[in-house]
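Asks: Sharing a structure, written as structure tokens. Questions coming.
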Amino acid sequence: MTAESVTSERMPAVEIRGATKVFNPGEANEVLALDNIDLNVGAGDFVTLIGPSGCGKSTLLRLVAALVDSTSGTVLVNGKSADQARLDRDYSMVFQKAGLFDWRDVSRNIELPLELMGWRAADRRRRSKEMLELVKLEDFAHHHPLELSGGMAQRVAIARAMSFEPALLLMDEPFGALDEMTREHMQNELLRIWSETETTVIFVTHSISEAVFLSTKVVVMSPRPGRIAAVIDNDLGTRDDTARDAPQFFANVSAVRKVLRAGESQ
């Protein structure tokens with residue numbers, strides 16, 4: 001199904017209108033990264049962005065996070081500018097790299113956003129313990145990042161992002177460094193948290209199967225300059241390990257792959 005926006009009956013958590021991003025405008029190395037993006041993400045939706053490398057998936061996520069500014073167009077988060085939403089801590093973000101602080105142990109890395117938000121020490125410790133149990137790192141609470149594998153460090157970063165239950169969770173290929181079994185576990189746990197908290201999620205991935213398993217809608221982007229090539233509604237019913245073997249799962253994987261291949265041939 002081809003579309004220019006994700007629609008939802010619920011009030012939009014993210015509204016993007018005519019967003020274009022040009023890097024190095026007017027210079028010899030000018031790059032049109034995103035071209036006239038229109039996108040609505042409803043409150044409580046789980047939306048994945050997928051497309052070929054360099055198509056602008058991460059750039060689009062960074063526009064929502066106010067980490068980069070659009071060249072033209074508007075980006076609203078919870079009805080306010082992306083800059084204001086960032087100041088109001090309306091979202092949390094997980095990057096491709098963990099970004100942990102080496103001088104803080106694992107528990108205190110997880111506690112950092114809670115500390116900045118003024119949580120009491122006892123509540124921070126309780127929440128950190130819960131997050132460590134979630135990502136199966138209970139025995140590493142007092143280790144430091146340099147003592148962790150890359151995958152373990154990324155699991156700590158995910159726990160930190162989830163710690164204060166943000167209304168909007170932005171995730172830039174967060175599971176790419178994890179082994180397959182841990183990756184599937186974290187997918188299941190993320191879906192559980194999403195369903196329990198009704199957190200809105202925008203998730204970037206290169207994995208077609210991950211996009212289909214996780215999301216309510218898959219947004220397929222074209223090769224650069226990034227445009228929305230298709231939006232595929234992704235109703236799998238109950239999402240658990242049995243869904244990975246369901247006929248609808250394989251049908252939706254094929255639908256996403258077909259759109260991606262069509263973009264490559266253009």
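The chains in the structure tokens are called A, B, ... from first to last as shown; in each chain the residues are counted from 1, and the ligands are counted from 1 in the order shown.
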Determine which residues of region 78-249 of chain A receive a DSSP assignment of strand (DSSP E or B), computed from the backbone, and state them as number ranges by chain.
Replies: A: 80-81, 91-94, 168-172, 200-204, 217-221, 226, 228-233
Asks: Env of Met186 (chain A): 10 Å cut, atoms = only C-alpha atoms, seq-sep filter 3 positions within chain, self excluded. Answer as a PDB file with N, CA, C and O atoms, in the first residue's frame.
Replies:
ATOM      1  N   LEU A 134      15.052  -6.541  33.754  1.00  0.00           N
ATOM      2  CA  LEU A 134      14.434  -6.560  32.432  1.00  0.00           C
ATOM      3  C   LEU A 134      15.424  -6.975  31.354  1.00  0.00           C
ATOM      4  O   LEU A 134      15.101  -7.780  30.475  1.00  0.00           O
ATOM      5  N   VAL A 135      16.633  -6.424  31.410  1.00  0.00           N
ATOM      6  CA  VAL A 135      17.620  -6.703  30.364  1.00  0.00           C
ATOM      7  C   VAL A 135      18.589  -7.816  30.753  1.00  0.00           C
ATOM      8  O   VAL A 135      19.595  -8.035  30.092  1.00  0.00           O
ATOM      9  N   LYS A 136      18.268  -8.501  31.873  1.00  0.00           N
ATOM     10  CA  LYS A 136      19.036  -9.676  32.312  1.00  0.00           C
ATOM     11  C   LYS A 136      20.505  -9.354  32.580  1.00  0.00           C
ATOM     12  O   LYS A 136      21.421 -10.053  32.145  1.00  0.00           O
ATOM     13  N   ARG A 155      22.408  -3.022  25.981  1.00  0.00           N
ATOM     14  CA  ARG A 155      21.271  -3.384  26.832  1.00  0.00           C
ATOM     15  C   ARG A 155      21.148  -2.417  28.012  1.00  0.00           C
ATOM     16  O   ARG A 155      20.040  -2.060  28.425  1.00  0.00           O
ATOM     17  N   ILE A 158      19.500   0.696  26.676  1.00  0.00           N
ATOM     18  CA  ILE A 158      18.062   0.498  26.513  1.00  0.00           C
ATOM     19  C   ILE A 158      17.363   0.614  27.860  1.00  0.00           C
ATOM     20  O   ILE A 158      16.315   1.258  27.989  1.00  0.00           O
ATOM     21  N   PRO A 174      18.504  -0.124  17.938  1.00  0.00           N
ATOM     22  CA  PRO A 174      19.044  -0.403  19.273  1.00  0.00           C
ATOM     23  C   PRO A 174      19.461  -1.849  19.494  1.00  0.00           C
ATOM     24  O   PRO A 174      20.249  -2.124  20.398  1.00  0.00           O
ATOM     25  N   PHE A 175      18.939  -2.772  18.694  1.00  0.00           N
ATOM     26  CA  PHE A 175      19.226  -4.182  18.931  1.00  0.00           C
ATOM     27  C   PHE A 175      20.277  -4.747  17.987  1.00  0.00           C
ATOM     28  O   PHE A 175      20.542  -5.941  17.980  1.00  0.00           O
ATOM     29  N   LEU A 178      23.124  -6.924  19.482  1.00  0.00           N
ATOM     30  CA  LEU A 178      22.781  -8.042  20.355  1.00  0.00           C
ATOM     31  C   LEU A 178      22.817  -9.365  19.596  1.00  0.00           C
ATOM     32  O   LEU A 178      22.529  -9.418  18.396  1.00  0.00           O
ATOM     33  N   GLU A 180      21.338 -13.072  18.565  1.00  0.00           N
ATOM     34  CA  GLU A 180      19.990 -13.324  18.065  1.00  0.00           C
ATOM     35  C   GLU A 180      18.993 -13.653  19.174  1.00  0.00           C
ATOM     36  O   GLU A 180      17.865 -13.140  19.186  1.00  0.00           O
ATOM     37  N   MET A 181      19.384 -14.482  20.135  1.00  0.00           N
ATOM     38  CA  MET A 181      18.450 -14.859  21.197  1.00  0.00           C
ATOM     39  C   MET A 181      18.139 -13.674  22.103  1.00  0.00           C
ATOM     40  O   MET A 181      16.979 -13.443  22.473  1.00  0.00           O
ATOM     41  N   THR A 182      19.166 -12.904  22.456  1.00  0.00           N
ATOM     42  CA  THR A 182      18.944 -11.733  23.294  1.00  0.00           C
ATOM     43  C   THR A 182      18.127 -10.692  22.534  1.00  0.00           C
ATOM     44  O   THR A 182      17.260 -10.021  23.106  1.00  0.00           O
ATOM     45  N   ARG A 183      18.384 -10.577  21.246  1.00  0.00           N
ATOM     46  CA  ARG A 183      17.637  -9.637  20.418  1.00  0.00           C
ATOM     47  C   ARG A 183      16.150  -9.984  20.425  1.00  0.00           C
ATOM     48  O   ARG A 183      15.291  -9.110  20.598  1.00  0.00           O
ATOM     49  N   GLU A 189      10.314  -8.098  25.150  1.00  0.00           N
ATOM     50  CA  GLU A 189      10.186  -7.238  26.324  1.00  0.00           C
ATOM     51  C   GLU A 189       9.773  -5.823  25.925  1.00  0.00           C
ATOM     52  O   GLU A 189       8.968  -5.183  26.615  1.00  0.00           O
ATOM     53  N   LEU A 190      10.305  -5.328  24.821  1.00  0.00           N
ATOM     54  CA  LEU A 190       9.915  -4.006  24.354  1.00  0.00           C
ATOM     55  C   LEU A 190       8.433  -3.974  24.018  1.00  0.00           C
ATOM     56  O   LEU A 190       7.722  -3.018  24.360  1.00  0.00           O
ATOM     57  N   LEU A 191       7.938  -5.033  23.370  1.00  0.00           N
ATOM     58  CA  LEU A 191       6.518  -5.094  23.055  1.00  0.00           C
ATOM     59  C   LEU A 191       5.671  -5.162  24.315  1.00  0.00           C
ATOM     60  O   LEU A 191       4.588  -4.567  24.392  1.00  0.00           O
ATOM     61  N   ARG A 192       6.147  -5.878  25.333  1.00  0.00           N
ATOM     62  CA  ARG A 192       5.406  -5.956  26.594  1.00  0.00           C
ATOM     63  C   ARG A 192       5.314  -4.580  27.236  1.00  0.00           C
ATOM     64  O   ARG A 192       4.228  -4.145  27.665  1.00  0.00           O
TER      65      ARG A 192
END
Asks: Could you name the residues that touch Val31 (chain A) at 9 Å or less, counting only C-alpha atoms, but leaving out those on the same chain fewer than 3 positions away, as a list of chain:residue names?
Replies: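 Once the adjacent positions are removed, what remains is A:Lys21, A:Val22, A:Phe23, A:Asn24, A:Pro25, A:Pro225.
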Asks: Which value, in Å to one decimal, gives the distance between CA of Val204 (chain A) and CA of Val218 (chain A)?
Replies: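 We find that CA of Val204 (chain A) and CA of Val218 (chain A) lie 10.0 Å from each other.
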Asks: So how far away is CA of Gly118 (chain A) from CA of Asn78 (chain A), in Å?
Replies: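 One can read the CA of Asn78 (chain A) to CA of Gly118 (chain A) distance as 22.9 Å.
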